[in-house]
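Engineer: If it helps, the file is called upload-v7.txt and holds compact mmCIF, C-alpha atoms:
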# COMPACT_ATOMS: atom_id res chain seq x y z
CA LEU B 66 -14.89 9.89 12.50
CA LEU B 67 -16.56 9.91 9.09
CA LEU B 68 -13.29 10.52 7.21
CA PRO B 69 -11.51 7.20 8.00
CA LEU B 70 -14.81 5.30 7.75
CA ALA B 71 -15.57 6.85 4.37
CA ALA B 72 -12.00 6.11 3.25
CA PHE B 73 -12.42 2.48 4.27
CA GLY B 74 -15.74 2.34 2.42
CA GLY B 75 -14.17 3.80 -0.71
CA GLY B 76 -11.17 1.51 -0.47
CA LEU B 77 -13.43 -1.50 0.07
CA ALA B 78 -15.62 -0.52 -2.89
CA ALA B 79 -12.59 -0.17 -5.16
CA THR B 80 -11.21 -3.48 -3.89
CA ALA B 81 -14.56 -5.20 -4.49
CA LEU B 82 -14.66 -3.87 -8.05
CA VAL B 83 -11.12 -5.11 -8.70
CA ALA B 84 -11.86 -8.52 -7.19
CA GLY B 85 -15.12 -8.80 -9.09
CA TRP B 86 -13.53 -8.07 -12.44
CA ALA B 87 -10.58 -10.36 -11.66
CA GLN B 88 -12.78 -13.41 -11.02
CA ARG B 89 -12.24 -16.29 -13.44
CA GLN B 90 -14.41 -19.35 -12.93
CA GLY B 91 -14.89 -18.44 -9.29
CA ARG B 92 -11.18 -17.88 -8.62
CA LEU B 93 -9.16 -14.70 -8.26
CA SER B 94 -6.58 -14.23 -11.01
CA ILE B 95 -3.46 -12.33 -9.94
CA ALA B 96 -2.98 -10.96 -13.47
CA GLY B 97 -6.64 -9.96 -13.49
CA VAL B 98 -6.23 -8.16 -10.15
CA LEU B 99 -3.31 -6.15 -11.55
CA LEU B 100 -5.07 -5.21 -14.79
CA ALA B 101 -8.38 -4.39 -13.10
CA GLY B 102 -6.49 -2.39 -10.47
CA ILE B 103 -4.89 -0.24 -13.17
CA ALA B 104 -8.31 0.47 -14.72
CA ILE B 105 -10.02 1.26 -11.40
CA ASN B 106 -7.08 3.46 -10.40
CA ALA B 107 -7.46 5.44 -13.64
CA LEU B 108 -11.19 5.82 -12.94
CA CYS B 109 -10.51 7.08 -9.40
CA LEU B 110 -7.90 9.54 -10.70
CA ALA B 111 -10.52 10.88 -13.11
CA GLY B 112 -12.83 11.40 -10.12
CA ILE B 113 -10.10 13.28 -8.26
CA GLY B 114 -9.54 15.40 -11.36
CA LEU B 115 -13.24 16.25 -11.47
CA LEU B 116 -13.19 17.27 -7.79
CA SER B 117 -10.13 19.44 -8.48
CA HIS B 118 -11.99 21.15 -11.30
CA ILE B 119 -15.02 22.10 -9.20
CA ALA B 120 -13.18 22.87 -5.92
CA ASP B 121 -12.65 26.37 -4.56
CA ASP B 122 -9.15 27.70 -3.85
CA HIS B 123 -9.00 26.45 -0.25
CA ALA B 124 -10.32 22.99 -1.06
CA LEU B 125 -8.06 22.76 -4.12
CA ARG B 126 -4.97 23.52 -2.02
CA SER B 127 -5.96 20.87 0.54
CA LEU B 128 -6.63 18.36 -2.22
CA ASN B 129 -3.29 19.01 -3.91
CA PHE B 130 -1.44 18.77 -0.59
CA TRP B 131 -3.22 15.47 0.17
CA SER B 132 -2.44 14.05 -3.28
CA PHE B 133 1.30 14.61 -2.69
CA GLY B 134 1.21 12.98 0.75
CA SER B 135 2.12 14.55 4.10
CA LEU B 136 2.09 13.67 7.78
CA GLY B 137 1.58 17.31 8.78
CA LYS B 138 -2.21 17.48 8.39
CA ALA B 139 -3.20 14.62 10.72
CA GLY B 140 -3.48 15.40 14.43
CA TRP B 141 -3.77 13.13 17.44
CA THR B 142 -7.56 13.18 17.34
CA ASP B 143 -7.57 12.04 13.70
CA LEU B 144 -5.03 9.34 14.50
CA LEU B 145 -6.99 8.00 17.48
CA LEU B 146 -10.14 7.74 15.37
CA ALA B 147 -8.37 5.91 12.54
CA ALA B 148 -6.08 3.78 14.74
CA PRO B 149 -8.52 0.84 15.24
CA LEU B 150 -9.01 0.56 11.48
CA MET B 151 -5.23 0.43 10.96
CA LEU B 152 -4.31 -1.73 13.96
CA LEU B 153 -6.81 -4.50 13.20
CA PRO B 154 -5.21 -5.57 9.89
CA LEU B 155 -1.75 -4.95 11.37
CA LEU B 156 -2.51 -7.61 13.97
CA LEU B 157 -4.44 -10.03 11.77
CA ILE B 158 -2.45 -10.08 8.52
CA PRO B 159 0.71 -11.63 10.08
CA ARG B 160 -1.45 -14.66 10.96
CA ALA B 161 -1.61 -15.34 7.20
CA ALA B 162 2.18 -15.85 7.01
CA ARG B 163 1.90 -19.63 6.71
CA GLY B 164 -0.53 -19.36 3.81
CA LEU B 165 1.63 -16.76 2.07
CA ASN B 166 4.67 -19.01 2.44
CA ALA B 167 2.71 -21.84 0.85
CA LEU B 168 1.68 -19.55 -2.02
CA LEU B 169 5.34 -19.09 -2.89
CA LEU B 170 5.20 -22.65 -4.23
CA GLY B 171 2.22 -21.81 -6.46
CA GLU B 172 -1.54 -21.73 -5.97
CA ALA B 173 -2.09 -25.38 -6.84
CA GLU B 174 0.67 -26.52 -4.49
CA ALA B 175 -0.69 -24.29 -1.70
CA GLY B 176 -4.11 -25.87 -2.19
CA HIS B 177 -2.59 -29.35 -1.88
CA LEU B 178 -1.04 -28.25 1.44
CA GLY B 179 -4.50 -27.45 2.80
CA ILE B 180 -4.57 -23.69 2.20
CA ASP B 181 -7.88 -22.22 1.05
CA VAL B 182 -6.24 -19.92 -1.49
CA ASP B 183 -9.30 -17.91 -2.52
CA ARG B 184 -10.38 -17.35 1.08
CA LEU B 185 -6.84 -16.24 1.94
CA LYS B 186 -6.80 -13.76 -0.95
CA ARG B 187 -10.16 -12.27 0.01
CA ARG B 188 -9.16 -11.95 3.68
CA LEU B 189 -5.92 -10.19 2.77
CA LEU B 190 -7.63 -7.86 0.29
CA LEU B 191 -10.19 -6.89 2.93
CA GLY B 192 -7.52 -6.25 5.57
CA ILE B 193 -5.39 -4.22 3.17
CA ALA B 194 -8.39 -2.11 2.07
CA LEU B 195 -9.20 -1.44 5.74
CA GLY B 196 -5.69 -0.40 6.79
CA VAL B 197 -4.66 1.46 3.65
CA GLY B 198 -7.97 3.32 3.32
CA ALA B 199 -7.72 4.67 6.86
CA ALA B 200 -4.02 5.57 6.55
CA VAL B 201 -4.39 7.33 3.20
CA SER B 202 -7.36 9.33 4.49
CA LEU B 203 -5.00 10.92 7.05
CA ALA B 204 -1.66 11.13 5.24
CA GLY B 205 -2.59 11.23 1.56
CA ILE B 206 -0.82 9.30 -1.18
CA ILE B 207 2.76 8.49 -0.13
CA ALA B 208 4.25 6.39 -2.89
CA PHE B 209 6.93 3.68 -3.07
CA VAL B 210 7.30 2.90 0.64
CA GLY B 211 5.13 -0.18 0.23
CA LEU B 212 7.07 -1.22 -2.86
CA LEU B 213 10.62 -0.61 -1.69
CA VAL B 214 10.57 -1.96 1.85
CA PRO B 215 9.32 -5.52 1.14
CA HIS B 216 11.76 -5.93 -1.75
CA LEU B 217 14.70 -4.70 0.33
CA LEU B 218 13.78 -7.06 3.14
CA ARG B 219 13.39 -10.02 0.78
CA LEU B 220 16.96 -9.43 -0.38
CA THR B 221 18.28 -9.42 3.19
CA LEU B 222 15.92 -11.62 5.24
CA GLY B 223 14.63 -14.02 2.61
CA PRO B 224 11.03 -14.81 1.64
CA ASP B 225 9.72 -16.19 4.97
CA HIS B 226 6.62 -14.10 5.73
CA ARG B 227 6.79 -14.92 9.44
CA THR B 228 9.69 -12.50 9.69
CA LEU B 229 9.05 -10.48 6.53
CA LEU B 230 5.63 -9.09 7.53
CA PRO B 231 6.56 -7.65 10.97
CA ALA B 232 9.92 -6.47 9.66
CA ALA B 233 8.20 -4.65 6.77
CA ALA B 234 5.86 -2.92 9.22
CA TRP B 235 8.74 -1.69 11.40
CA LEU B 236 11.08 -0.71 8.57
CA GLY B 237 8.28 0.90 6.55
CA GLY B 238 7.28 3.06 9.51
CA GLY B 239 10.88 3.98 10.25
CA LEU B 240 11.59 4.86 6.63
CA LEU B 241 8.48 7.04 6.47
CA VAL B 242 9.44 8.93 9.64
CA ALA B 243 12.98 9.47 8.32
CA ALA B 244 11.63 10.70 4.98
CA ASP B 245 9.22 13.05 6.78
CA ILE B 246 12.08 14.55 8.84
CA ALA B 247 14.14 15.03 5.68
CA ALA B 248 11.18 16.62 3.87
CA ARG B 249 10.64 19.10 6.73
CA CYS B 250 14.31 20.11 6.69
CA ALA B 251 14.89 20.15 2.92
CA LEU B 252 13.47 23.58 2.00
CA PRO B 253 13.02 25.67 5.17
CA PRO B 254 10.82 27.41 6.13
CA THR B 255 8.41 25.53 3.83
CA GLU B 256 7.61 21.84 4.23
CA LEU B 257 8.14 19.59 1.23
CA PRO B 258 5.35 16.98 0.96
CA VAL B 259 6.89 13.68 1.97
CA GLY B 260 5.25 11.88 -0.95
CA ILE B 261 7.34 13.90 -3.38
CA LEU B 262 10.55 12.93 -1.57
CA THR B 263 9.70 9.21 -1.39
CA THR B 264 8.90 9.22 -5.11
CA LEU B 265 12.09 11.07 -6.07
CA LEU B 266 14.18 8.59 -4.07
CA GLY B 267 12.08 5.49 -4.52
CA ALA B 268 11.38 5.47 -8.25
CA PRO B 269 15.06 5.37 -9.39
CA PHE B 270 15.89 2.78 -6.74
CA PHE B 271 12.96 0.61 -7.77
CA LEU B 272 13.99 0.82 -11.44
CA TRP B 273 17.52 -0.20 -10.42
CA LEU B 274 16.10 -3.12 -8.47
CA LEU B 275 14.04 -4.28 -11.46
CA ARG B 276 17.12 -3.96 -13.68
CA ARG B 277 19.19 -5.96 -11.20
CA GLN B 278 16.63 -8.76 -11.05
CA HIS B 279 16.41 -8.81 -14.84
CA LEU B 280 20.19 -9.13 -15.21
CA GLU B 281 20.26 -11.92 -12.62
CA GLY B 282 17.52 -13.79 -14.46
CA TYR B 283 14.72 -13.46 -11.86
What is this file in structure tokens?
Structural biologist:
Amino acid sequence: LLLPLAAFGGGLAATALVAGWAQRQGRLSIAGVLLAGIAINALCLAGIGLLSHIADDHALRSLNFWSFGSLGKAGWTDLLLAAPLMLLPLLLIPRAARGLNALLLGEAEAGHLGIDVDRLKRRLLLGIALGVGAAVSLAGIIAFVGLLVPHLLRLTLGPDHRTLLPAAAWLGGGLLVAADIAARCALPPTELPVGILTTLLGAPFFLWLLRRQHLEGY
């Protein structure tokens, strides 16, 4: 029980630091969130490096396996304990679809439409810290699923978050399960960490997507 709760606490602390540094005149700056996130991420990676340095062989192997990402370490008991922390934001975040659609017009325009932009940002950051912290505590760092799936869906379904958010949840889960099956079958009898596979496939595709958007003038 302490693992997902501690992960949520750590995720919330990191999110609070990012949000605090990104504040400009009482408002959250998106550019500030990105830059502060890079700095806090580097600080956290330094902490992981320190733990790797002082860990024994067994703990070091577990830490390395977690850092690559895998679904093989989490059992049903772990999942049941972390499920409420993941399900709560999964149910609440889609209710912000209207506000996210308004934000597509710009923050000032969304404010004119009656959206409390700063409150919406804080609510979403809290929900994301809750869900992601609990999920990462069980599965480790599995990269690029959260980057690829929303972009793919935007190309096919459009930018309406009323359909984009639930579709991203379903397709992201399906893609992760498919990648996990492929990782288990790639190098038998060993199991390839699924995070390595998603990075190998996702990074080139994401670079192609950025190149495509650049050529099309987006």
Engineer: Between B:Ala175, B:Ile193, B:Leu218, B:Cys250, which residue has the minimum interatomic distance to Pro159 in chain B, considering all atoms listed in the file?
Structural biologist: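 Checking each of B:Ala175, B:Ile193, B:Leu218, B:Cys250 against Pro159 in chain B, counting all atoms listed in the file, the winner is B:Ile193.
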Engineer: Grab the CA of Leu185 in chain B to CA of Arg163 in chain B distance for me, in Å with one decimal place.
Structural biologist: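 The value is 10.5 Å.
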Engineer: B:Pro224, B:Gly137, B:Gly239, B:Pro231: which is nearest Leu156 in chain B, counting all atoms listed in the file?
Structural biologist: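 Looking only at the distances to Leu156 in chain B, the closest residue turns out to be B:Pro231.
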Engineer: I'd like to know which of B:Gly164, B:Asp183, B:Gly74, B:Phe130 is closest to Asp225 in chain B, using all atoms listed in the file.
Structural biologist: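 Smallest distance to Asp225 in chain B is found for B:Gly164.
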Engineer: In Å, how far is it from CA of Leu230 in chain B to CA of Gly76 in chain B?
Structural biologist: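 Result for CA of Leu230 in chain B versus CA of Gly76 in chain B: 21.4 Å, one decimal.
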Engineer: Identify the residues around (11.0, 4.2, 7.2) within a radius of 12 Å, measuring from only C-alpha atoms in the coordinates stated by the file, and give them as number ranges by chain.
Structural biologist: B: 207, 209-211, 213-215, 217, 232-247, 259, 263, 267
Engineer: Residues at most 12 Å from Gly198 in chain B, counting all atoms listed in the file, excluding those fewer than 5 positions away in the same chain, as an MDAnalysis selection string?
Structural biologist: chainID B and resid 68:80 147:148 150:151 154 190:193 203:206
Engineer: At a cut-off of 10 Å from (-9.8, -15.1, -4.1) in the coordinates of the file, what residues are picked up using all atoms listed in the file, written as a PyMOL selection string?
Structural biologist: chain B and resi 84-85+87-89+91-95+98+181-190
Engineer: Between B:Ile105, B:Leu100, B:Leu170, B:Val201, single out the one closest to Ala81 in chain B, counting only C-alpha atoms.
Structural biologist: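 That would be B:Ile105, the residue with the smallest distance to Ala81 in chain B.
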Engineer: Report the distance between CA of Leu165 in chain B and CA of Ile180 in chain B in Å, rounded to one decimal place.
Structural biologist: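 So the two atoms, CA of Leu165 in chain B and CA of Ile180 in chain B, lie 9.3 Å apart.
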Engineer: Between B:Gly102, B:Gly134, B:Gly171, B:Gly97, single out the one closest to Leu257 in chain B, counting all atoms listed in the file.
Structural biologist: B:Gly134
Engineer: Which residue gives the smallest distance to Leu272 in chain B among B:Leu212, B:Leu145, B:Arg219, B:Ile103, with only C-alpha atoms counted?
Structural biologist: B:Leu212
Engineer: Neighbouring residues of Ile113 in chain B were defined as those with any atom within 10 Å, considering all atoms listed in the file; residues of the same chain fewer than 6 positions away were excluded. Please report them as a ChimeraX atom specification.
Structural biologist: /B:107,128-129,132
Engineer: Let me have the centre and edge lengths in Å, one decimal, of the box along x, y and z around every listed atom of range 241-249 of chain B with 6 Å of margin on each side, as JSON.
Structural biologist:
{"center_x": 11.3, "center_y": 13.1, "center_z": 6.8, "size_x": 17.7, "size_y": 24.1, "size_z": 17.8}
Engineer: Please return range 92-103 of chain B, rebuilt to all heavy atoms, as an mmCIF file, keeping the file's coordinate frame.
Structural biologist:
data_model
loop_
_atom_site.group_PDB
_atom_site.id
_atom_site.type_symbol
_atom_site.label_atom_id
_atom_site.label_comp_id
_atom_site.auth_asym_id
_atom_site.auth_seq_id
_atom_site.Cartn_x
_atom_site.Cartn_y
_atom_site.Cartn_z
ATOM 1 N N ARG B 92 -12.483 -18.028 -9.257
ATOM 2 C CA ARG B 92 -11.180 -17.880 -8.620
ATOM 3 C C ARG B 92 -10.582 -16.540 -8.976
ATOM 4 O O ARG B 92 -10.785 -16.024 -10.070
ATOM 5 C CB ARG B 92 -10.222 -19.010 -9.051
ATOM 6 C CG ARG B 92 -10.720 -20.395 -8.699
ATOM 7 C CD ARG B 92 -9.733 -21.461 -9.192
ATOM 8 N NE ARG B 92 -8.469 -21.356 -8.493
ATOM 9 C CZ ARG B 92 -8.207 -21.963 -7.341
ATOM 10 N NH1 ARG B 92 -9.134 -22.698 -6.761
ATOM 11 N NH2 ARG B 92 -7.038 -21.827 -6.770
ATOM 12 N N LEU B 93 -9.814 -15.978 -8.030
ATOM 13 C CA LEU B 93 -9.160 -14.700 -8.260
ATOM 14 C C LEU B 93 -7.888 -14.904 -9.074
ATOM 15 O O LEU B 93 -7.021 -15.690 -8.708
ATOM 16 C CB LEU B 93 -8.811 -14.032 -6.927
ATOM 17 C CG LEU B 93 -9.884 -13.177 -6.264
ATOM 18 C CD1 LEU B 93 -9.378 -12.667 -4.934
ATOM 19 C CD2 LEU B 93 -10.280 -12.017 -7.149
ATOM 20 N N SER B 94 -7.777 -14.192 -10.176
ATOM 21 C CA SER B 94 -6.580 -14.230 -11.010
ATOM 22 C C SER B 94 -5.660 -13.074 -10.619
ATOM 23 O O SER B 94 -6.095 -11.916 -10.592
ATOM 24 C CB SER B 94 -6.959 -14.134 -12.489
ATOM 25 O OG SER B 94 -5.837 -13.841 -13.289
ATOM 26 N N ILE B 95 -4.405 -13.383 -10.324
ATOM 27 C CA ILE B 95 -3.460 -12.330 -9.940
ATOM 28 C C ILE B 95 -3.262 -11.344 -11.090
ATOM 29 O O ILE B 95 -3.255 -10.119 -10.881
ATOM 30 C CB ILE B 95 -2.112 -12.944 -9.519
ATOM 31 C CG1 ILE B 95 -2.296 -13.836 -8.293
ATOM 32 C CG2 ILE B 95 -1.098 -11.849 -9.220
ATOM 33 C CD1 ILE B 95 -2.832 -13.109 -7.081
ATOM 34 N N ALA B 96 -3.112 -11.857 -12.312
ATOM 35 C CA ALA B 96 -2.980 -10.960 -13.470
ATOM 36 C C ALA B 96 -4.226 -10.116 -13.632
ATOM 37 O O ALA B 96 -4.156 -8.921 -13.952
ATOM 38 C CB ALA B 96 -2.708 -11.779 -14.730
ATOM 39 N N GLY B 97 -5.395 -10.717 -13.398
ATOM 40 C CA GLY B 97 -6.640 -9.960 -13.490
ATOM 41 C C GLY B 97 -6.731 -8.882 -12.431
ATOM 42 O O GLY B 97 -7.244 -7.787 -12.685
ATOM 43 N N VAL B 98 -6.244 -9.167 -11.220
ATOM 44 C CA VAL B 98 -6.230 -8.160 -10.150
ATOM 45 C C VAL B 98 -5.368 -6.965 -10.564
ATOM 46 O O VAL B 98 -5.751 -5.802 -10.372
ATOM 47 C CB VAL B 98 -5.713 -8.780 -8.841
ATOM 48 C CG1 VAL B 98 -5.405 -7.696 -7.817
ATOM 49 C CG2 VAL B 98 -6.742 -9.751 -8.272
ATOM 50 N N LEU B 99 -4.205 -7.232 -11.140
ATOM 51 C CA LEU B 99 -3.310 -6.150 -11.550
ATOM 52 C C LEU B 99 -3.939 -5.297 -12.656
ATOM 53 O O LEU B 99 -3.929 -4.066 -12.596
ATOM 54 C CB LEU B 99 -1.973 -6.716 -12.020
ATOM 55 C CG LEU B 99 -1.120 -7.399 -10.953
ATOM 56 C CD1 LEU B 99 0.106 -8.049 -11.583
ATOM 57 C CD2 LEU B 99 -0.695 -6.406 -9.891
ATOM 58 N N LEU B 100 -4.499 -5.949 -13.673
ATOM 59 C CA LEU B 100 -5.070 -5.210 -14.790
ATOM 60 C C LEU B 100 -6.324 -4.432 -14.363
ATOM 61 O O LEU B 100 -6.501 -3.270 -14.732
ATOM 62 C CB LEU B 100 -5.415 -6.176 -15.933
ATOM 63 C CG LEU B 100 -4.212 -6.842 -16.616
ATOM 64 C CD1 LEU B 100 -4.678 -7.879 -17.629
ATOM 65 C CD2 LEU B 100 -3.342 -5.793 -17.306
ATOM 66 N N ALA B 101 -7.195 -5.088 -13.582
ATOM 67 C CA ALA B 101 -8.380 -4.390 -13.100
ATOM 68 C C ALA B 101 -7.997 -3.253 -12.162
ATOM 69 O O ALA B 101 -8.637 -2.187 -12.170
ATOM 70 C CB ALA B 101 -9.308 -5.376 -12.387
ATOM 71 N N GLY B 102 -6.952 -3.448 -11.364
ATOM 72 C CA GLY B 102 -6.490 -2.390 -10.470
ATOM 73 C C GLY B 102 -6.024 -1.161 -11.232
ATOM 74 O O GLY B 102 -6.283 -0.027 -10.824
ATOM 75 N N ILE B 103 -5.342 -1.376 -12.346
ATOM 76 C CA ILE B 103 -4.890 -0.240 -13.170
ATOM 77 C C ILE B 103 -6.093 0.536 -13.697
ATOM 78 O O ILE B 103 -6.119 1.775 -13.683
ATOM 79 C CB ILE B 103 -4.012 -0.745 -14.326
ATOM 80 C CG1 ILE B 103 -2.686 -1.308 -13.774
ATOM 81 C CG2 ILE B 103 -3.738 0.373 -15.326
ATOM 82 C CD1 ILE B 103 -1.833 -1.988 -14.826
#
